2 protein chains.
Amino acid sequence: MPKQVDYEDRRQRIADAVCTLIASSGMEAVSLRDVAAQAHVSMGAVQRCFRNKQDMLLFALEHITQHVSERADRRIAATSTPEAASTLLSHTLAEIALLDEGSTKQAHVWLAFVAQAPASEKLTAVLHETYAKLHDLVVWLIRYGQDTQEVRQNLDPDLEAQTLLALADGLTAHVLAGHHTSTAALAVLQHHIDRLLEDPPACS
Amino acid sequence: MPKQVDYEDRRQRIADAVCTLIASSGMEAVSLRDVAAQAHVSMGAVQRCFRNKQDMLLFALEHITQHVSERADRRIAATSTPEAASTLLSHTLAEIALLDEGSTKQAHVWLAFVAQAPASEKLTAVLHETYAKLHDLVVWLIRYGQDTQEVRQNLDPDLEAQTLLALADGLTAHVLAGHHTSTAALAVLQHHIDRLLEDPPACS
DNA sequence: CGGGATATGATGCAAGTGCATCGAAAAAAG
DNA sequence: CTTTTTTCGATGCACTTGCATCATATCCCG
């Protein structure tokens with residue numbers, strides 16, 4: 001029987017290479033040859049892993065989205081202290097916005113894909129699905145915060161989730177475009193979230 | 001002497017063609033030949049107007065940004081009724097977010113450029129400048145609203161402007177990605193703005 | 001320790017790219 | 001009408017792209 005290779009691992013590495021290239025030189029600079037070189041494999045190997053370039057890019061996108069939601073989930077799972085509903089909300093949204101210094105690469109890639117969404121049917125499908133998931137997650141977080149009396153009761157979780165998600169994505173874009181530092185963006189995000197929280201009922 | 005041609009008009013038409021192509025098939029699908037065909041001129045004409053492709057793309061970007069801020073300014077100039085500070089704010093931000101049905105093309109192009117910003121030095125410069133202008137505009141609008149007692153006094157105009165701009169851009173992206181309709185996005189935007197307004201002091 | 005199935009990576013190939021070149025056309029000035 | 005100066009549009013060219021092909025190397029099973 002034939003040589004056996006760990007395809008999953010290879011696909012992963014190739015997806016990483018794709019992301020690196022997109023982040024450094026933009027999406028249109030991604031060629032199969034460059035990807036192969038970046039991933040330290042030959043072009044033939046890339047061609048065996050993915051039927052064509054579009055499949056490869058789509059896999060890279062799913063690789064990213066999975067990474068993001070995985071981290072968000074882990075953040076949520078790791079929370080045990082009871083008071084944490086509001087901080088949980090901020091932290092999760094900071095994750096979604098890819099605002100920590102380490103994930104600018106992923107932010108680049110995400111934005112590149114969003115920008116190219118209208119050009120590809122499948123791409124929009126993947127993005128839509130991911131957005132739906134994130135939306136549900138944020139709705140859940142808000143409801144949870146309302147249960148623990150940390151988040152204002154008179155807020156519409158659905159509407160607030162849409163606002164938060166859009167704000168997060170916008171901040172991501174602004175950071176990438178060089179209009180903000182990521183810490184400034186974080187401050188803006190935090191400030192918005194603070195307004196959603198139940199403040200000590202001072203009705204002066 | 002030679003044949004004379006309205007270069008400004010031609011550049012304009014070419015920029016339009018570039019935007020149409022970007023909106024329909026993404027940025028990487030833009031080739032000089034396609035642009036020439038779309039603009040109904042020959043490739044030579046395009047080459048005479050712009051030294052190279054990057055210059056052409058940059059001009060198209062500036063074409064868009066100018067268009068946007070022009071419309072925003074016009075909207076502001078056209079406002080005369082005294083009570084309009086808050087509606088002026090919403091309308092202007094709706095313009096900035098490119099949420100009306102007619103400007104999805106421009107929204108596509110804008111997002112495409114933002115996504116590719118990290119790959120080009122000049123591009124980031126243009127984007128930064130535009131963002132700065134928009135930011136100043138929004139700050140001014142908020143201050144104006146505070147002067148007319150429509151906007152809460154205890155808000156930091158700078159911070160709120162950053163939030164609003166990011167929210168607008170995020171909503172734009174969400175609409176383009178198919179996650180929202182533009183009317184839904186408008187509702188989200190309006191809802192956020194409403195919260196910034198001074199409500200009739202009912203402290204029940 | 002072969003046999004044979006499979007992965008591999010170099011090469012080929014047609015299509016498309018941005019840009020340079022150049023004869024020809026066009027229009028203003030004489 | 002001729003001249004001259006500029007633009008036009010086509011063609012050429014070197015290069016890259018995504019994908020197909022194929023001899024070779026590689027490894028598992030009997």
# chains A, B, ... in the order shown; residues from 1 in each chain; ligands from 1
$ select_by_dssp --residues "chain A" --states "alpha helix (DSSP H)" --output "VMD selection string"
chain A and resid 7 to 25 32 to 38 43 to 49 53 to 77 85 to 96 104 to 116 121 to 147 157 to 176 182 to 196
$ interface_residues --of "chain A" --to "chain D" --cutoff "12 Å" --atoms "only C-alpha atoms (C1' of nucleotides)" --output "PyMOL selection string"
chain A and resi 1-5+28-34+43-44+46-48+50-54
$ write_last_selection --atoms "C-alpha atoms" --output "PDB file, in the first residue's frame"
ATOM      1  CA  MET A   1       0.000   0.000   0.000  1.00  0.00           C
ATOM      2  CA  PRO A   2       1.028   3.573  -0.464  1.00  0.00           C
ATOM      3  CA  LYS A   3       2.887   6.070   1.495  1.00  0.00           C
ATOM      4  CA  GLN A   4       0.687   7.563   4.149  1.00  0.00           C
ATOM      5  CA  VAL A   5       0.784  11.179   5.120  1.00  0.00           C
ATOM      6  CA  GLU A  28      -4.466  38.823  -4.835  1.00  0.00           C
ATOM      7  CA  ALA A  29      -0.828  38.047  -4.175  1.00  0.00           C
ATOM      8  CA  VAL A  30      -1.617  34.487  -3.179  1.00  0.00           C
ATOM      9  CA  SER A  31      -0.481  32.038  -5.826  1.00  0.00           C
ATOM     10  CA  LEU A  32      -0.189  28.301  -5.550  1.00  0.00           C
ATOM     11  CA  ARG A  33       3.558  28.515  -5.926  1.00  0.00           C
ATOM     12  CA  ASP A  34       3.936  31.057  -3.164  1.00  0.00           C
ATOM     13  CA  MET A  43       3.261  22.544  -5.503  1.00  0.00           C
ATOM     14  CA  GLY A  44       2.210  19.003  -6.240  1.00  0.00           C
ATOM     15  CA  VAL A  46      -0.773  21.491  -2.529  1.00  0.00           C
ATOM     16  CA  GLN A  47      -2.557  20.305  -5.621  1.00  0.00           C
ATOM     17  CA  ARG A  48      -3.213  16.957  -4.041  1.00  0.00           C
ATOM     18  CA  PHE A  50      -7.037  20.815  -2.658  1.00  0.00           C
ATOM     19  CA  ARG A  51      -8.768  20.341  -5.950  1.00  0.00           C
ATOM     20  CA  ASN A  52      -8.304  23.960  -6.919  1.00  0.00           C
ATOM     21  CA  LYS A  53      -7.314  27.318  -5.579  1.00  0.00           C
ATOM     22  CA  GLN A  54     -10.784  28.317  -4.477  1.00  0.00           C
TER      23      GLN A  54
END
$ atom_distance --atom1 "atom CA of B:Glu95" --atom2 "atom CA of B:His67"
10.6 Å
$ interface_residues --of "chain B" --to "chain A" --cutoff "6 Å" --atoms "only C-alpha atoms" --output "list in words"
Ser25, Gly26, Glu28, Leu111, Ala112, Ala115, Gln116, Ala117, Ala119, His128, Ala166, Leu167, Asp169, Gly170, Leu171, Ala177 and His179 of chain B
$ write_last_selection --atoms "C-alpha atoms" --output "PDB file, in the first residue's frame"
ATOM      1  CA  SER B  25     -15.966  40.511  -9.329  1.00  0.00           C
ATOM      2  CA  GLY B  26     -13.627  41.596  -6.601  1.00  0.00           C
ATOM      3  CA  GLU B  28      -8.178  40.791  -8.017  1.00  0.00           C
ATOM      4  CA  LEU B 111     -14.222  47.558   1.737  1.00  0.00           C
ATOM      5  CA  ALA B 112     -11.994  46.051  -0.920  1.00  0.00           C
ATOM      6  CA  ALA B 115      -8.952  44.939   3.090  1.00  0.00           C
ATOM      7  CA  GLN B 116      -5.925  45.547   0.980  1.00  0.00           C
ATOM      8  CA  ALA B 117      -4.632  48.454   2.972  1.00  0.00           C
ATOM      9  CA  ALA B 119      -0.332  45.615   1.457  1.00  0.00           C
ATOM     10  CA  HIS B 128      -6.024  57.231   7.225  1.00  0.00           C
ATOM     11  CA  ALA B 166     -16.710  51.798  13.651  1.00  0.00           C
ATOM     12  CA  LEU B 167     -20.343  50.833  13.939  1.00  0.00           C
ATOM     13  CA  ASP B 169     -18.203  50.491   8.905  1.00  0.00           C
ATOM     14  CA  GLY B 170     -19.097  47.252  10.601  1.00  0.00           C
ATOM     15  CA  LEU B 171     -22.673  47.515   9.431  1.00  0.00           C
ATOM     16  CA  ALA B 177     -21.476  39.958   3.484  1.00  0.00           C
ATOM     17  CA  HIS B 179     -25.602  39.108   7.049  1.00  0.00           C
TER      18      HIS B 179
END
$ closest_atom_pairs --of "chain C" --to "chain A" --cutoff "7 Å" --atoms "only C-alpha atoms (C1' of nucleotides)" --output "tab-separated table"
residue	atom	partner	partner_atom	distance
C:DA5	C1'	A:Met1	CA	5.2
C:DT6	C1'	A:Pro2	CA	4.4
C:DA7	C1'	A:Lys3	CA	6.4
C:DT8	C1'	A:Gly44	CA	6.6
C:DG9	C1'	A:Gly44	CA	5.8
$ residues_around --residues "B:Asp100" --least-positions-apart "6" --cutoff "9 Å" --atoms "only C-alpha atoms (C1' of nucleotides)" --output "list in words"
Ala94, Ser182, Thr183 and Leu186 of chain B
$ residues_around --residues "A:His91" --least-positions-apart "2" --cutoff "12 Å" --atoms "only C-alpha atoms (C1' of nucleotides)" --output "CSV table (one decimal) with N, CA and C atoms, in the first residue's frame"
chain,number,residue,atom,x,y,z
A,71,ARG,N,-11.6,29.7,20.2
A,71,ARG,CA,-11.0,30.5,21.2
A,71,ARG,C,-12.1,31.1,22.1
A,72,ALA,N,-13.2,31.6,21.4
A,72,ALA,CA,-14.3,32.2,22.1
A,72,ALA,C,-14.9,31.2,23.1
A,73,ASP,N,-15.2,30.0,22.5
A,73,ASP,CA,-15.8,29.0,23.4
A,73,ASP,C,-14.9,28.7,24.6
A,74,ARG,N,-13.6,28.6,24.3
A,74,ARG,CA,-12.7,28.2,25.4
A,74,ARG,C,-12.7,29.3,26.5
A,75,ARG,N,-12.7,30.5,26.0
A,75,ARG,CA,-12.8,31.6,27.0
A,75,ARG,C,-14.1,31.5,27.8
A,76,ILE,N,-15.2,31.1,27.2
A,76,ILE,CA,-16.4,31.0,28.0
A,76,ILE,C,-16.3,29.8,28.9
A,78,ALA,N,-13.8,28.6,30.3
A,78,ALA,CA,-12.8,28.8,31.3
A,78,ALA,C,-13.4,29.7,32.4
A,79,THR,N,-14.5,30.3,32.2
A,79,THR,CA,-15.0,31.2,33.2
A,79,THR,C,-15.9,30.4,34.2
A,84,ALA,N,-18.7,37.1,36.6
A,84,ALA,CA,-17.9,37.4,35.4
A,84,ALA,C,-18.8,37.7,34.2
A,85,ALA,N,-20.1,37.7,34.3
A,85,ALA,CA,-20.9,37.8,33.1
A,85,ALA,C,-20.5,39.0,32.2
A,86,SER,N,-20.3,40.1,32.8
A,86,SER,CA,-20.0,41.3,32.0
A,86,SER,C,-18.6,41.3,31.5
A,87,THR,N,-17.6,40.8,32.3
A,87,THR,CA,-16.3,40.7,31.8
A,87,THR,C,-16.2,39.6,30.7
A,88,LEU,N,-17.0,38.6,30.9
A,88,LEU,CA,-17.1,37.6,29.9
A,88,LEU,C,-17.5,38.2,28.6
A,89,LEU,N,-18.5,39.0,28.6
A,89,LEU,CA,-19.0,39.7,27.4
A,89,LEU,C,-17.9,40.5,26.7
A,93,LEU,N,-16.0,39.5,23.1
A,93,LEU,CA,-16.1,40.4,22.0
A,93,LEU,C,-14.7,40.9,21.6
A,94,ALA,N,-13.9,41.0,22.5
A,94,ALA,CA,-12.5,41.4,22.1
A,94,ALA,C,-11.9,40.3,21.3
A,95,GLU,N,-12.2,39.1,21.6
A,95,GLU,CA,-11.7,37.9,20.8
A,95,GLU,C,-12.3,38.0,19.4
A,96,ILE,N,-13.6,38.2,19.4
A,96,ILE,CA,-14.3,38.2,18.1
A,96,ILE,C,-13.7,39.4,17.2
A,97,ALA,N,-13.4,40.5,17.9
A,97,ALA,CA,-12.9,41.6,17.1
A,97,ALA,C,-11.4,41.4,16.7
A,98,LEU,N,-10.8,40.3,17.2
A,98,LEU,CA,-9.4,40.0,16.9
A,98,LEU,C,-8.5,41.1,17.3
A,99,LEU,N,-8.8,41.7,18.5
A,99,LEU,CA,-8.1,42.9,18.8
A,99,LEU,C,-6.8,42.7,19.6
A,100,ASP,N,-6.6,41.5,20.1
A,100,ASP,CA,-5.3,41.3,20.7
A,100,ASP,C,-4.2,41.2,19.7
A,138,VAL,N,-23.4,35.9,21.0
A,138,VAL,CA,-23.5,37.2,21.7
A,138,VAL,C,-24.8,37.4,22.3
A,141,LEU,N,-24.8,35.5,25.5
A,141,LEU,CA,-24.0,36.2,26.5
A,141,LEU,C,-24.8,37.4,27.1
A,168,ALA,N,-17.6,45.5,16.7
A,168,ALA,CA,-16.4,44.8,16.7
A,168,ALA,C,-15.7,44.7,15.3
A,186,LEU,N,-9.9,48.7,21.8
A,186,LEU,CA,-10.4,47.9,22.9
A,186,LEU,C,-11.1,48.9,23.9
A,187,ALA,N,-10.6,50.1,24.0
A,187,ALA,CA,-11.2,51.0,24.9
A,187,ALA,C,-12.6,51.4,24.4
A,189,LEU,N,-14.5,49.7,22.5
A,189,LEU,CA,-15.4,48.5,22.7
A,189,LEU,C,-15.9,48.4,24.2
A,190,GLN,N,-14.9,48.6,25.1
A,190,GLN,CA,-15.2,48.5,26.5
A,190,GLN,C,-16.2,49.6,26.9
A,193,ILE,N,-19.7,48.7,25.9
A,193,ILE,CA,-20.2,47.6,26.7
A,193,ILE,C,-20.6,48.1,28.1
$ atom_distance --atom1 "atom CA of B:Leu57" --atom2 "atom CA of A:Thr181"
26.2 Å
$ atom_distance --atom1 "atom CA of A:Leu197" --atom2 "atom CA of B:Asp199"
18.5 Å
$ decode --residues "chain D" --atoms "C-alpha atoms (C1' of nucleotides)" --output "compact mmCIF listing (two decimals), in the first residue's frame"
# COMPACT_ATOMS: atom_id res chain seq x y z
C1' DC D 1 -3.63 72.12 -47.86
C1' DT D 2 0.46 71.10 -45.40
C1' DT D 3 2.92 70.57 -41.26
C1' DT D 4 3.59 69.26 -36.68
C1' DT D 5 2.49 67.65 -32.36
C1' DT D 6 -0.14 64.76 -29.62
C1' DT D 7 -3.20 60.84 -28.84
C1' DC D 8 -4.91 56.42 -30.28
C1' DG D 9 -5.22 51.61 -30.50
C1' DA D 10 -3.06 47.60 -31.71
C1' DT D 11 0.62 44.55 -31.17
C1' DG D 12 4.71 42.55 -28.85
C1' DC D 13 6.96 40.82 -24.91
C1' DA D 14 8.42 38.92 -20.74
C1' DC D 15 6.35 37.09 -17.00
C1' DT D 16 3.06 34.80 -13.89
C1' DT D 17 -0.90 32.28 -13.16
C1' DG D 18 -3.72 27.83 -12.26
C1' DC D 19 -3.91 23.41 -13.62
C1' DA D 20 -2.54 18.78 -16.11
C1' DT D 21 0.88 15.39 -16.90
C1' DC D 22 4.18 11.90 -15.77
C1' DA D 23 8.39 9.55 -14.47
C1' DT D 24 10.24 8.79 -10.03
C1' DA D 25 10.61 7.94 -5.19
C1' DT D 26 8.32 6.15 -1.18
C1' DC D 27 6.20 3.19 1.84
C1' DC D 28 2.76 -0.61 3.43
C1' DC D 29 1.42 -5.43 3.08
C1' DG D 30 1.97 -10.04 2.08
